[in-house]
Every structure is written in structure tokens, then in C-alpha cells.
file my_file02.csv (CSV, C-alpha atoms)
chain,number,residue,atom,x,y,z
A,147,MET,CA,-16.5,30.8,41.1
A,148,SER,CA,-18.4,32.0,44.1
A,149,LYS,CA,-20.7,29.8,46.0
A,150,THR,CA,-24.4,30.0,45.3
A,151,HIS,CA,-27.1,30.3,48.0
A,152,THR,CA,-28.1,26.7,47.2
A,153,ASP,CA,-24.5,25.4,47.6
A,154,SER,CA,-24.4,27.1,51.1
A,155,LYS,CA,-27.7,25.4,52.1
A,156,ASP,CA,-26.5,22.0,50.8
A,157,GLU,CA,-23.3,22.4,52.9
A,158,ILE,CA,-25.4,23.3,56.0
A,159,LEU,CA,-27.6,20.2,55.4
A,160,VAL,CA,-24.5,17.9,55.2
A,161,GLN,CA,-23.2,19.4,58.5
A,162,PHE,CA,-26.6,19.2,60.2
A,163,ARG,CA,-26.8,15.5,59.4
A,164,LYS,CA,-23.3,14.9,60.5
A,165,GLU,CA,-23.8,16.6,63.9
A,166,LEU,CA,-27.2,15.0,64.5
A,167,PHE,CA,-25.7,11.5,64.0
A,168,SER,CA,-22.3,12.1,65.6
A,169,GLU,CA,-23.9,13.6,68.8
A,170,GLY,CA,-26.4,10.7,69.1
A,171,ILE,CA,-29.4,13.0,68.4
A,172,LEU,CA,-30.5,11.0,65.4
A,173,HIS,CA,-30.1,7.3,64.6
A,174,GLU,CA,-30.7,5.2,61.5
A,175,GLY,CA,-34.3,4.0,61.6
A,176,ASP,CA,-35.6,6.8,63.9
A,177,THR,CA,-39.2,7.3,63.0
A,178,ILE,CA,-38.9,11.1,63.1
A,179,GLY,CA,-37.3,10.6,59.7
A,180,THR,CA,-33.6,10.5,58.5
A,181,ASP,CA,-34.2,11.7,55.0
A,182,ASP,CA,-33.0,15.0,53.6
A,183,GLY,CA,-36.6,16.3,53.3
A,184,THR,CA,-37.1,15.9,57.1
A,185,LEU,CA,-33.8,17.6,58.0
A,186,LYS,CA,-34.5,20.5,55.6
A,187,ARG,CA,-37.9,21.1,57.2
A,188,PHE,CA,-36.2,21.7,60.5
A,189,LEU,CA,-33.5,23.9,58.9
A,190,ARG,CA,-36.1,26.0,57.0
A,191,ALA,CA,-38.1,26.5,60.2
A,192,ARG,CA,-35.0,28.0,61.8
A,193,LYS,CA,-33.8,29.9,58.7
A,194,TYR,CA,-30.8,27.5,58.2
A,195,ASN,CA,-29.3,28.5,61.6
A,196,LEU,CA,-27.6,25.2,62.5
A,197,LYS,CA,-27.6,25.8,66.3
A,198,ASP,CA,-31.3,26.7,66.4
A,199,ALA,CA,-32.3,23.9,64.0
A,200,LYS,CA,-30.4,21.4,66.2
A,201,LYS,CA,-32.2,22.6,69.3
A,202,MET,CA,-35.5,22.2,67.6
A,203,PHE,CA,-34.7,18.7,66.5
A,204,ILE,CA,-33.6,17.7,70.0
A,205,ASP,CA,-36.8,19.2,71.4
A,206,ALA,CA,-38.8,17.2,68.9
A,207,GLN,CA,-37.0,13.9,69.7
A,208,ASN,CA,-37.5,14.5,73.4
A,209,TRP,CA,-41.2,15.2,72.9
A,210,ARG,CA,-41.6,12.0,70.9
A,211,LYS,CA,-40.1,10.0,73.8
A,212,ASN,CA,-42.1,11.8,76.4
A,213,VAL,CA,-45.5,11.1,74.8
A,214,LYS,CA,-44.3,7.6,73.7
A,215,LEU,CA,-45.3,8.4,70.2
A,216,ASP,CA,-43.9,5.2,68.6
A,217,GLU,CA,-45.9,3.0,71.1
A,218,LEU,CA,-49.0,5.1,70.5
A,219,TYR,CA,-48.6,4.7,66.7
A,220,GLU,CA,-48.4,0.9,67.2
A,221,LYS,CA,-51.5,1.0,69.2
A,222,ILE,CA,-53.6,3.2,66.9
A,223,ASP,CA,-53.7,2.8,63.1
A,224,PRO,CA,-54.5,6.3,62.0
A,225,PHE,CA,-56.7,4.9,59.1
A,226,ASP,CA,-58.4,2.2,61.2
A,227,TYR,CA,-59.4,2.6,64.8
A,228,PRO,CA,-62.8,2.0,66.5
A,229,GLU,CA,-63.6,5.6,67.1
A,230,ARG,CA,-62.5,6.9,63.8
A,231,GLU,CA,-66.0,7.5,62.3
A,232,ALA,CA,-67.2,9.3,65.5
A,233,VAL,CA,-64.1,11.5,65.5
A,234,PHE,CA,-64.4,12.5,61.9
A,235,ASP,CA,-68.2,13.1,62.3
A,236,CYS,CA,-67.7,15.4,65.2
A,237,TRP,CA,-64.6,17.1,63.8
A,238,PRO,CA,-64.9,16.8,60.0
A,239,MET,CA,-61.4,16.5,58.7
A,240,TRP,CA,-60.4,14.9,55.5
A,241,CYS,CA,-57.0,14.0,54.0
A,242,LEU,CA,-57.3,12.6,50.5
A,243,GLY,CA,-56.3,12.3,46.9
A,244,ARG,CA,-53.0,14.2,47.2
A,245,PRO,CA,-51.7,16.0,50.3
A,246,ILE,CA,-54.9,18.0,51.0
A,247,ASN,CA,-56.2,18.4,54.5
A,248,LEU,CA,-59.8,19.7,54.5
A,249,GLN,CA,-61.5,20.6,57.8
A,250,PHE,CA,-65.1,21.7,58.3
A,251,LEU,CA,-65.1,23.5,61.7
A,252,GLY,CA,-68.8,24.4,61.4
A,253,GLY,CA,-69.6,20.7,61.8
A,254,MET,CA,-67.4,20.3,64.9
A,255,ASP,CA,-69.1,19.1,68.0
A,256,LEU,CA,-66.8,18.0,70.8
A,257,HIS,CA,-69.6,17.6,73.3
A,258,ARG,CA,-71.3,15.0,71.0
A,259,LEU,CA,-67.9,13.3,70.6
A,260,SER,CA,-67.7,12.9,74.3
A,261,LYS,CA,-71.2,11.5,74.4
A,262,GLU,CA,-70.1,9.0,71.7
A,263,GLY,CA,-67.7,7.6,74.3
A,264,VAL,CA,-64.5,9.3,73.0
A,265,THR,CA,-62.8,10.8,75.9
A,266,PRO,CA,-60.7,14.0,75.5
A,267,GLU,CA,-57.6,11.9,76.2
A,268,ARG,CA,-58.4,9.4,73.5
A,269,HIS,CA,-59.3,12.2,71.1
A,270,TRP,CA,-55.9,13.8,71.7
A,271,GLU,CA,-54.2,10.5,71.0
A,272,THR,CA,-55.9,10.3,67.6
A,273,ILE,CA,-54.8,13.8,66.8
A,274,LEU,CA,-51.2,12.9,67.6
A,275,VAL,CA,-51.2,9.8,65.4
A,276,ASN,CA,-52.8,11.7,62.6
A,277,ALA,CA,-50.1,14.4,62.8
A,278,GLU,CA,-47.5,11.6,62.9
A,279,CYS,CA,-49.1,9.9,59.9
A,280,LEU,CA,-48.5,12.9,57.7
A,281,THR,CA,-44.7,12.8,57.9
A,282,ARG,CA,-44.4,9.0,58.5
A,283,GLU,CA,-46.7,7.8,55.7
A,284,ILE,CA,-48.6,10.4,53.7
A,285,LEU,CA,-45.8,12.7,52.5
A,286,PRO,CA,-43.3,9.9,51.8
A,287,ALA,CA,-45.8,7.9,49.8
A,288,ALA,CA,-46.9,11.0,47.8
A,289,ALA,CA,-43.2,11.8,47.1
A,290,LYS,CA,-42.4,8.2,46.1
A,291,LYS,CA,-45.5,8.0,43.9
A,292,HIS,CA,-44.5,11.0,41.8
A,293,GLY,CA,-40.7,10.8,42.1
A,294,LYS,CA,-40.4,14.4,43.6
A,295,GLU,CA,-39.8,15.9,47.0
A,296,ILE,CA,-43.2,16.6,48.6
A,297,ASP,CA,-42.8,17.7,52.2
A,298,SER,CA,-45.9,19.7,53.0
A,299,VAL,CA,-49.7,19.7,52.7
A,300,LEU,CA,-52.4,22.1,51.5
A,301,VAL,CA,-54.8,22.8,54.3
A,302,ILE,CA,-58.3,24.1,53.6
A,303,ILE,CA,-60.5,25.1,56.5
A,304,ASP,CA,-64.2,25.8,55.8
A,305,LEU,CA,-65.7,28.1,58.5
A,306,LYS,CA,-69.3,27.9,57.3
A,307,GLY,CA,-71.5,27.7,60.4
A,308,PHE,CA,-68.5,28.3,62.7
A,309,GLY,CA,-68.9,31.1,65.2
A,310,LEU,CA,-67.5,32.2,68.6
A,311,SER,CA,-69.3,29.6,70.6
A,312,LYS,CA,-67.7,26.8,68.7
A,313,PHE,CA,-64.3,28.6,68.7
A,314,TRP,CA,-64.4,28.8,72.5
A,315,GLN,CA,-65.3,25.1,72.6
A,316,MET,CA,-62.1,24.1,70.7
A,317,LYS,CA,-59.8,27.0,71.5
A,318,HIS,CA,-57.5,25.0,73.9
A,319,LEU,CA,-57.4,22.0,71.6
A,320,ALA,CA,-56.6,24.2,68.6
A,321,GLN,CA,-53.8,26.0,70.5
A,322,LYS,CA,-52.2,22.7,71.4
A,323,SER,CA,-52.5,21.4,67.9
A,324,PHE,CA,-50.8,24.5,66.4
A,325,GLN,CA,-48.0,24.2,68.9
A,326,ILE,CA,-47.5,20.5,68.1
A,327,SER,CA,-47.4,21.2,64.4
A,328,GLN,CA,-45.1,24.2,64.5
A,329,ASP,CA,-42.6,22.8,67.1
A,330,TYR,CA,-42.5,19.1,66.2
A,331,TYR,CA,-43.7,18.9,62.6
A,332,PRO,CA,-42.2,22.1,61.2
A,333,GLU,CA,-42.9,23.3,57.7
A,334,THR,CA,-45.5,20.6,56.9
A,335,MET,CA,-48.2,23.2,56.2
A,336,GLY,CA,-47.4,24.6,52.8
A,337,ARG,CA,-50.4,26.8,52.6
A,338,LEU,CA,-53.6,27.4,54.6
A,339,ILE,CA,-56.8,28.6,52.8
A,340,ILE,CA,-59.7,29.7,55.0
A,341,LEU,CA,-63.1,29.6,53.3
A,342,ASN,CA,-66.4,31.2,54.4
A,343,ALA,CA,-64.8,33.4,57.0
A,344,PRO,CA,-67.7,34.7,59.3
A,345,SER,CA,-68.2,38.3,60.4
A,346,THR,CA,-66.7,37.3,63.8
A,347,PHE,CA,-63.5,36.0,62.2
A,348,THR,CA,-61.5,39.2,63.1
A,349,ILE,CA,-62.1,38.3,66.8
A,350,ILE,CA,-61.1,34.7,66.2
A,351,TRP,CA,-58.0,35.6,64.2
A,352,ASN,CA,-56.9,38.1,66.9
A,353,ALA,CA,-57.2,35.3,69.5
A,354,ILE,CA,-55.2,32.7,67.5
A,355,ARG,CA,-52.7,35.0,65.9
A,356,PRO,CA,-50.3,35.0,69.0
A,357,TRP,CA,-50.1,31.2,68.7
A,358,ILE,CA,-48.9,31.3,65.2
A,359,ALA,CA,-45.3,31.9,64.0
A,360,LYS,CA,-44.9,34.8,61.6
A,361,GLU,CA,-43.8,32.4,58.9
A,362,THR,CA,-47.0,30.3,59.3
A,363,ALA,CA,-49.2,33.4,59.2
A,364,ASN,CA,-47.6,34.4,55.9
A,365,LYS,CA,-49.0,31.2,54.4
A,366,VAL,CA,-52.6,32.0,55.1
A,367,ASP,CA,-55.1,33.1,52.5
A,368,ILE,CA,-58.5,34.2,53.9
A,369,LEU,CA,-61.4,33.9,51.4
A,370,GLY,CA,-65.1,34.6,51.6
A,371,VAL,CA,-67.8,32.7,49.9
A,372,ASP,CA,-66.5,33.1,46.3
A,373,TYR,CA,-63.6,30.7,46.6
A,374,ARG,CA,-64.3,28.0,44.0
A,375,GLU,CA,-62.3,29.5,41.2
A,376,LYS,CA,-59.3,30.2,43.5
A,377,LEU,CA,-59.3,26.5,44.6
A,378,LEU,CA,-59.5,25.3,41.1
A,379,GLU,CA,-56.3,27.2,40.3
A,380,LEU,CA,-54.6,24.9,42.8
A,381,VAL,CA,-56.4,21.6,42.5
A,382,ASP,CA,-58.0,19.8,39.6
A,383,GLU,CA,-61.8,19.7,39.7
A,384,GLU,CA,-61.7,15.9,39.6
A,385,ASN,CA,-59.6,15.8,42.8
A,386,LEU,CA,-61.2,18.7,44.7
A,387,PRO,CA,-63.9,17.3,47.1
A,388,TRP,CA,-67.5,17.9,46.2
A,389,ALA,CA,-68.2,19.8,49.4
A,390,VAL,CA,-66.0,22.7,48.3
A,391,GLY,CA,-67.0,22.8,44.6
A,392,GLY,CA,-65.1,19.9,43.1
A,393,LYS,CA,-66.2,16.6,41.6
A,394,CYS,CA,-64.4,14.1,43.9
A,395,ARG,CA,-66.9,12.0,45.9
A,396,CYS,CA,-64.8,9.0,46.9
A,397,GLU,CA,-67.8,6.7,46.3
A,398,GLY,CA,-67.5,2.9,45.9
A,399,GLY,CA,-65.1,2.2,48.8
A,400,ASP,CA,-68.0,0.9,50.9
A,401,LYS,CA,-70.8,-0.8,49.0
A,402,GLU,CA,-73.2,-0.6,51.9
A,403,VAL,CA,-72.9,3.2,52.1
A,404,LYS,CA,-74.3,5.3,49.3
A,405,GLY,CA,-73.2,8.9,48.5
A,406,PRO,CA,-69.9,10.8,49.1
A,407,ARG,CA,-67.4,9.2,51.4
A,408,CYS,CA,-64.5,11.7,51.2
A,409,HIS,CA,-64.4,12.3,54.9
A,410,PHE,CA,-63.8,8.6,55.6
A,411,SER,CA,-61.9,7.4,52.6
A,412,ALA,CA,-58.4,9.0,53.1
A,413,THR,CA,-57.8,8.3,49.5
A,414,GLY,CA,-54.2,8.6,48.3
A,415,PRO,CA,-51.1,6.7,47.4
A,416,TRP,CA,-50.3,6.1,51.0
A,417,LEU,CA,-53.0,3.4,51.0
A,418,GLU,CA,-51.6,1.5,48.0
A,419,GLY,CA,-50.5,-1.8,49.3
A,420,ARG,CA,-50.5,-0.5,52.9
A,421,ALA,CA,-50.6,-3.2,55.6
A,422,GLY,CA,-52.8,-1.9,58.4
A,423,TRP,CA,-52.9,-3.0,62.0
A,424,GLY,CA,-56.4,-1.8,63.1
A,425,PRO,CA,-59.5,-3.8,63.8
A,426,ASN,CA,-60.5,-4.2,60.1
A,427,ALA,CA,-57.1,-5.6,59.2
A,428,LYS,CA,-57.6,-8.4,61.7
A,429,LYS,CA,-60.9,-9.6,60.4
A,430,ASP,CA,-60.9,-13.1,59.1
A,431,ASP,CA,-62.5,-12.2,55.8
A,432,VAL,CA,-59.8,-9.7,54.9
A,433,SER,CA,-57.6,-11.0,52.1
A,434,PRO,CA,-54.3,-9.7,51.0
A,435,SER,CA,-54.3,-7.1,48.2
A,436,LYS,CA,-51.4,-6.9,45.8
A,437,ALA,CA,-49.0,-4.1,46.8
A,438,ASP,CA,-48.5,-1.4,44.3
A,439,GLU,CA,-44.9,-1.5,43.0
A,440,ASN,CA,-44.4,2.1,44.0
A,441,ALA,CA,-45.9,1.7,47.5
A,442,THR,CA,-44.0,2.9,50.5
A,443,GLU,CA,-42.9,0.2,52.9
A,444,TYR,CA,-45.0,0.2,56.1
A,445,PRO,CA,-44.9,-1.9,59.2
A,446,ARG,CA,-45.8,-5.5,58.4
A,447,LYS,CA,-46.1,-6.7,61.9
A,448,HIS,CA,-48.0,-5.7,65.0
A,449,ASN,CA,-47.5,-7.4,68.4
A,450,GLY,CA,-45.5,-10.1,66.6
A,451,GLU,CA,-48.3,-10.9,64.1
A,452,THR,CA,-48.0,-10.3,60.4
A,453,ILE,CA,-50.8,-8.0,59.2
A,454,GLU,CA,-52.1,-8.4,55.7
A,455,PRO,CA,-53.1,-5.3,53.7
A,456,ASP,CA,-56.7,-4.1,54.1
A,457,VAL,CA,-58.8,-5.2,51.1
A,458,ASP,CA,-60.7,-2.0,51.1
A,459,SER,CA,-57.6,0.2,50.7
A,460,VAL,CA,-58.4,2.9,48.1
A,461,SER,CA,-55.8,4.0,45.6
A,462,ILE,CA,-55.5,7.5,44.1
A,463,HIS,CA,-57.7,8.2,41.1
A,464,GLY,CA,-55.7,10.3,38.6
A,465,ASP,CA,-53.3,13.0,39.2
A,466,SER,CA,-53.9,16.7,40.0
A,467,LYS,CA,-51.9,19.7,39.2
A,468,LEU,CA,-49.8,21.4,41.8
A,469,MET,CA,-48.7,24.9,41.0
A,470,ASN,CA,-45.3,26.2,42.0
A,471,GLY,CA,-45.3,27.2,45.6
A,472,LEU,CA,-48.3,25.1,46.8
A,473,LEU,CA,-46.1,22.8,48.8
A,474,THR,CA,-43.8,25.6,49.9
A,475,PRO,CA,-44.6,28.7,52.0
A,476,THR,CA,-46.4,31.4,50.0
A,477,THR,CA,-47.6,34.9,50.7
A,478,SER,CA,-51.2,36.0,50.2
A,479,ASN,CA,-50.6,39.2,48.3
A,480,ASP,CA,-51.8,39.8,44.8
A,481,SER,CA,-48.5,39.2,43.1
A,482,ALA,CA,-48.2,35.8,44.7
A,483,SER,CA,-51.7,34.9,43.6
A,484,ASN,CA,-50.9,36.0,40.1
A,485,SER,CA,-47.8,33.9,40.1
A,486,ILE,CA,-49.8,30.8,41.1
A,487,LYS,CA,-52.3,31.4,38.4
A,488,ASP,CA,-49.8,31.7,35.5
A,489,GLY,CA,-47.5,29.0,36.9
A,490,SER,CA,-44.5,31.2,37.4
A,491,THR,CA,-42.2,30.8,40.4
A,492,LEU,CA,-43.3,32.3,43.6
A,493,PRO,CA,-40.9,34.8,45.2
A,494,ASN,CA,-40.1,33.0,48.5
A,495,SER,CA,-36.9,32.9,50.4
A,496,ALA,CA,-38.0,29.9,52.5
A,497,THR,CA,-37.9,27.4,49.6
A,498,ASP,CA,-34.8,25.3,49.1
A,499,ASN,CA,-35.0,25.4,45.3
A,500,GLU,CA,-37.4,26.1,42.5
A,501,VAL,CA,-39.2,23.1,41.2
A,502,GLU,CA,-41.7,22.5,38.4
A,503,ALA,CA,-45.4,22.1,39.2
A,504,GLN,CA,-45.7,18.6,40.8
A,505,PRO,CA,-48.7,16.4,41.3
A,506,ALA,CA,-49.2,15.0,44.7

call {"tool": "encode", "arguments": {"input": "my_file02.csv", "output": "C-alpha cells"}}
result
Amino acid sequence: MSKTHTDSKDEILVQFRKELFSEGILHEGDTIGTDDGTLKRFLRARKYNLKDAKKMFIDAQNWRKNVKLDELYEKIDPFDYPEREAVFDCWPMWCLGRPINLQFLGGMDLHRLSKEGVTPERHWETILVNAECLTREILPAAAKKHGKEIDSVLVIIDLKGFGLSKFWQMKHLAQKSFQISQDYYPETMGRLIILNAPSTFTIIWNAIRPWIAKETANKVDILGVDYREKLLELVDEENLPWAVGGKCRCEGGDKEVKGPRCHFSATGPWLEGRAGWGPNAKKDDVSPSKADENATEYPRKHNGETIEPDVDSVSIHGDSKLMNGLLTPTTSNDSASNSIKDGSTLPNSATDNEVEAQPA
């Protein structure tokens, strides 16, 4: 019997792992991740070329050492740091419910962020720990919660109120962020949906297109103002944030604050039983919360002190559907859209295998 394409990829994965460990590139316990999902992301990014994937992995490990990422992550809890509210107010970015990253670039104001006392250097540090949090905590927790491989996120960017002036304000930061994501966290963006694209978007797209790999560009869907039904094909209404036509409001996490709190809640299975190490975790009135039996193990100590779980951790409310292809690269042509709608498998050579629709 001849070998299948999947058999060949499995053999490459085994060889990739063997070479990474034998050559001292990867060690047990390395925070970049030693699981199959992590290694397959690097292989997919380099079309299963073993030599190219290994170089990419080495570059990622070197970058992590150069920026002292592990030390930075110990210093900044991505869900609890003093400037978090100011950062999310001035660059509205949500990650909640299931692996959905929602950004409202029209509300971005980096000048105000600076006036709030958040320096560009500090802001960049928060960007790095949030990027790290995706692969270190969010994706593993979502996968463990649902017992399926989940290795990428749905990104929704709302450009309402976003024009050239704001683009030029964040151009350099966006370019650096794209580079970090593509080079050191490959294949973590399963799909990018752009809402409310302005008339100037052609100029903006032409400016950012050179930064983006072809494989990444193929995952982009650009929508106008009539996007709600398209989003509801991908996300249940109960789990889609209210700001883009859903019913999720994330209320109740903070009794002193009324109204929607999606942009601060970070709701998801990654908070179930999580032991934080930020300022709120160190308050005297914080009592331990019972860890969910499916919760991912997180650092339990910081600077030698045992940190108890944050009492305000919010668990996921219900499941949402995830159509085939959402967490794997997709194309934006009509046939792909139809495939998502009827639940059939998306034609895509970058996926490792075909899986059923899986909640995240």
C-alpha cells in the first residue's frame, strides 16, 4: 500500500521533533511549546520543508532569548497588570469566549495612551506578553476544554472610524506586530475578517500588503457594513460580542461596573482555575477559587511566592459552533464561503487533516 499524504507529514513531524531535541534546539519544558500542535505550526508555515522549518524554529528560540520573553512573562500577567485598562481603552482589543481576537482600530489612540503614562516601550511589552499568552495559555486551554486540537484564532478587525491619520499613527507598530506573529508565532491566525472597511482601505491595504506573507493574505476576508450574517455563520450569536451584532456582553464580572465588559473580561476556559500573578492576585481579600477539573496547569509561583487563583476569573458561558476551516487557513473566494456555510470541508492544502466542526 502506498503512503498517504498524511503518513508523510506524520513522518516529517517525528523527524522534526527528533532533530530539534537531538541538536539541542528544543528541550523538555521549553515555553515555546513541545507539543505536536506547536511543531506542526512551524512545519505548516514552511510547507513541511524540514530544513526551513528548523531554521524558523531556531530563529524563534533565539528571539525569545534576546527579548527575555520568559522573564517578561513572569513580570507581566497578561490578564492583570496596572496599565491593562488604559491599553485596552486606547487600543480596543478583546480576546474572549473561544479563540476570538476582536480589535476596534477606530477607537485606537496611541497619543492618549502615552498621556495615561504608558510608554511606547511598556506598550510593546504588553503586546509581546499578549502574543505569548495566545500559545502559552489560550490555545492549550481551549484545546483541553474541548478535547480537540485548536491551534489558531479567529481575528476580527473593525475599521469603523479608522482612517489614514490613525493608520499612519500605528503603522510602525502594526508592521512590527505582523512580523512577530508571522515569524515567531506562525499559523496562529486561522482567519482574519475585516469589517467596515473605509473608502481609504485600498491605500491602507497596499501599504500593509508587503508585510504580509502570501499564506496570511489568503486568510483575509474583507467585508463592508453588512457583515452580521457572515459572522453568525462562524460564531453563535450568544458568543459573538454585542459590538459586532451578537448577544455576548460579559456582564457581572465586576459588580461596580454596569454594562458590557467584553473588552476587559477575556472570558474563556483559559481563566478557569487560573492562578494569576498580577496586582489583583496579590490582594489580601482574594480567596482561592476551585480549579476546574479541565483547567490547564499554569504557573503557581511568582518570585518564590505561591499565588492563589483570582476570585474574579470568569469561565466560558456555553459553547459556540466552529465550522470546518475556521481554525485553519481559508481562502476568501465564493466556494470557500459556501463550504463554511454548509459545513463541508474547505479545500485547503495547508491543513494537516480534516476535522469536524469544533467548539473553542

call {"tool": "atom_distance", "arguments": {"input": "my_file02.csv", "atom1": "atom CA of A:Lys322", "atom2": "atom CA of A:Ile171"}}
result
25.0 Å

call {"tool": "atom_distance", "arguments": {"input": "my_file02.csv", "atom1": "atom CA of A:Ile246", "atom2": "atom CA of A:His318"}}
result
24.1 Å

call {"tool": "residues_around", "arguments": {"input": "my_file02.csv", "residues": "A:Trp416", "least_positions_apart": "4", "cutoff": "7 Å", "atoms": "only C-alpha atoms", "output": "list in words"}}
result
Glu283, Ile284, Ala287, Ala288 and Arg420 of chain A

call {"tool": "write_last_selection", "arguments": {"input": "my_file02.csv", "atoms": "C-alpha atoms", "output": "short mmCIF file (atom, residue, chain, number, x, y, z; two decimals), in the coordinates of the input"}}
result
data_model
loop_
_atom_site.label_atom_id
_atom_site.label_comp_id
_atom_site.auth_asym_id
_atom_site.auth_seq_id
_atom_site.Cartn_x
_atom_site.Cartn_y
_atom_site.Cartn_z
CA GLU A 283 -46.70 7.80 55.70
CA ILE A 284 -48.60 10.40 53.70
CA ALA A 287 -45.80 7.90 49.80
CA ALA A 288 -46.90 11.00 47.80
CA ARG A 420 -50.50 -0.50 52.90
#

call {"tool": "closest_atom_pairs", "arguments": {"input": "my_file02.csv", "of": "stretch 214-300 of chain A", "to": "stretch 306-316 of chain A", "cutoff": "9 Å", "atoms": "all atoms listed in the file", "output": "Markdown table"}}
result
| residue | atom | partner | partner_atom | distance |
| --- | --- | --- | --- | --- |
| A:Phe250 | CA | A:Lys306 | CA | 7.6 |
| A:Leu251 | CA | A:Phe308 | CA | 6.0 |
| A:Gly252 | CA | A:Phe308 | CA | 4.1 |
| A:Gly253 | CA | A:Gly307 | CA | 7.4 |
| A:Met254 | CA | A:Lys312 | CA | 7.5 |
| A:Asp255 | CA | A:Lys312 | CA | 7.9 |
| A:Leu256 | CA | A:Gln315 | CA | 7.5 |
| A:His257 | CA | A:Gln315 | CA | 8.7 |

call {"tool": "closest_residue", "arguments": {"input": "my_file02.csv", "among": "A:Pro286, A:Gly422, A:Gly370, A:Gly391", "to": "A:Ser345", "atoms": "only C-alpha atoms"}}
result
A:Gly370

call {"tool": "atom_distance", "arguments": {"input": "my_file02.csv", "atom1": "atom CA of A:Gln321", "atom2": "atom CA of A:Leu215"}}
result
19.5 Å

call {"tool": "residues_around", "arguments": {"input": "my_file02.csv", "residues": "A:Glu375", "least_positions_apart": "3", "cutoff": "12 Å", "atoms": "all atoms listed in the file", "output": "MDAnalysis selection string"}}
result
chainID A and resid 369:372 378:383 386 390:392 487

call {"tool": "closest_residue", "arguments": {"input": "my_file02.csv", "among": "A:Ala359, A:Leu305, A:Leu285, A:Val264", "to": "A:Asp329", "atoms": "only C-alpha atoms"}}
result
A:Ala359

call {"tool": "closest_atom_pairs", "arguments": {"input": "my_file02.csv", "of": "stretch 290-349 of chain A", "to": "stretch 183-194 of chain A", "cutoff": "9 Å", "atoms": "all atoms listed in the file", "output": "JSON lines"}}
result
{"residue": "A:Glu295", "atom": "CA", "partner": "A:Gly183", "partner_atom": "CA", "distance": 7.1}
{"residue": "A:Ile296", "atom": "CA", "partner": "A:Gly183", "partner_atom": "CA", "distance": 8.1}
{"residue": "A:Asp297", "atom": "CA", "partner": "A:Gly183", "partner_atom": "CA", "distance": 6.5}
{"residue": "A:Gln328", "atom": "CA", "partner": "A:Ala191", "partner_atom": "CA", "distance": 8.5}
{"residue": "A:Tyr330", "atom": "CA", "partner": "A:Phe188", "partner_atom": "CA", "distance": 8.9}
{"residue": "A:Tyr331", "atom": "CA", "partner": "A:Arg187", "partner_atom": "CA", "distance": 8.2}
{"residue": "A:Pro332", "atom": "CA", "partner": "A:Arg187", "partner_atom": "CA", "distance": 6.0}
{"residue": "A:Glu333", "atom": "CA", "partner": "A:Arg187", "partner_atom": "CA", "distance": 5.5}
{"residue": "A:Thr334", "atom": "CA", "partner": "A:Arg187", "partner_atom": "CA", "distance": 7.6}

call {"tool": "residues_around", "arguments": {"input": "my_file02.csv", "residues": "A:Val233", "least_positions_apart": "6", "cutoff": "12 Å", "atoms": "only C-alpha atoms", "output": "list in words"}}
result
Pro224, Phe225, Asp226, Tyr227, Met239, Trp240, Gly253, Met254, Asp255, Leu256, His257, Arg258, Leu259, Ser260, Lys261, Glu262, Gly263, Val264, Thr265, Pro266, Arg268, His269, Trp270, Glu271, Thr272, Ile273, Asn276, His409 and Phe410 of chain A

call {"tool": "write_last_selection", "arguments": {"input": "my_file02.csv", "atoms": "C-alpha atoms", "output": "mmCIF file, in the frame of the given file"}}
result
data_model
loop_
_atom_site.group_PDB
_atom_site.id
_atom_site.type_symbol
_atom_site.label_atom_id
_atom_site.label_comp_id
_atom_site.auth_asym_id
_atom_site.auth_seq_id
_atom_site.Cartn_x
_atom_site.Cartn_y
_atom_site.Cartn_z
ATOM 1 C CA PRO A 224 -54.500 6.300 62.000
ATOM 2 C CA PHE A 225 -56.700 4.900 59.100
ATOM 3 C CA ASP A 226 -58.400 2.200 61.200
ATOM 4 C CA TYR A 227 -59.400 2.600 64.800
ATOM 5 C CA MET A 239 -61.400 16.500 58.700
ATOM 6 C CA TRP A 240 -60.400 14.900 55.500
ATOM 7 C CA GLY A 253 -69.600 20.700 61.800
ATOM 8 C CA MET A 254 -67.400 20.300 64.900
ATOM 9 C CA ASP A 255 -69.100 19.100 68.000
ATOM 10 C CA LEU A 256 -66.800 18.000 70.800
ATOM 11 C CA HIS A 257 -69.600 17.600 73.300
ATOM 12 C CA ARG A 258 -71.300 15.000 71.000
ATOM 13 C CA LEU A 259 -67.900 13.300 70.600
ATOM 14 C CA SER A 260 -67.700 12.900 74.300
ATOM 15 C CA LYS A 261 -71.200 11.500 74.400
ATOM 16 C CA GLU A 262 -70.100 9.000 71.700
ATOM 17 C CA GLY A 263 -67.700 7.600 74.300
ATOM 18 C CA VAL A 264 -64.500 9.300 73.000
ATOM 19 C CA THR A 265 -62.800 10.800 75.900
ATOM 20 C CA PRO A 266 -60.700 14.000 75.500
ATOM 21 C CA ARG A 268 -58.400 9.400 73.500
ATOM 22 C CA HIS A 269 -59.300 12.200 71.100
ATOM 23 C CA TRP A 270 -55.900 13.800 71.700
ATOM 24 C CA GLU A 271 -54.200 10.500 71.000
ATOM 25 C CA THR A 272 -55.900 10.300 67.600
ATOM 26 C CA ILE A 273 -54.800 13.800 66.800
ATOM 27 C CA ASN A 276 -52.800 11.700 62.600
ATOM 28 C CA HIS A 409 -64.400 12.300 54.900
ATOM 29 C CA PHE A 410 -63.800 8.600 55.600
#
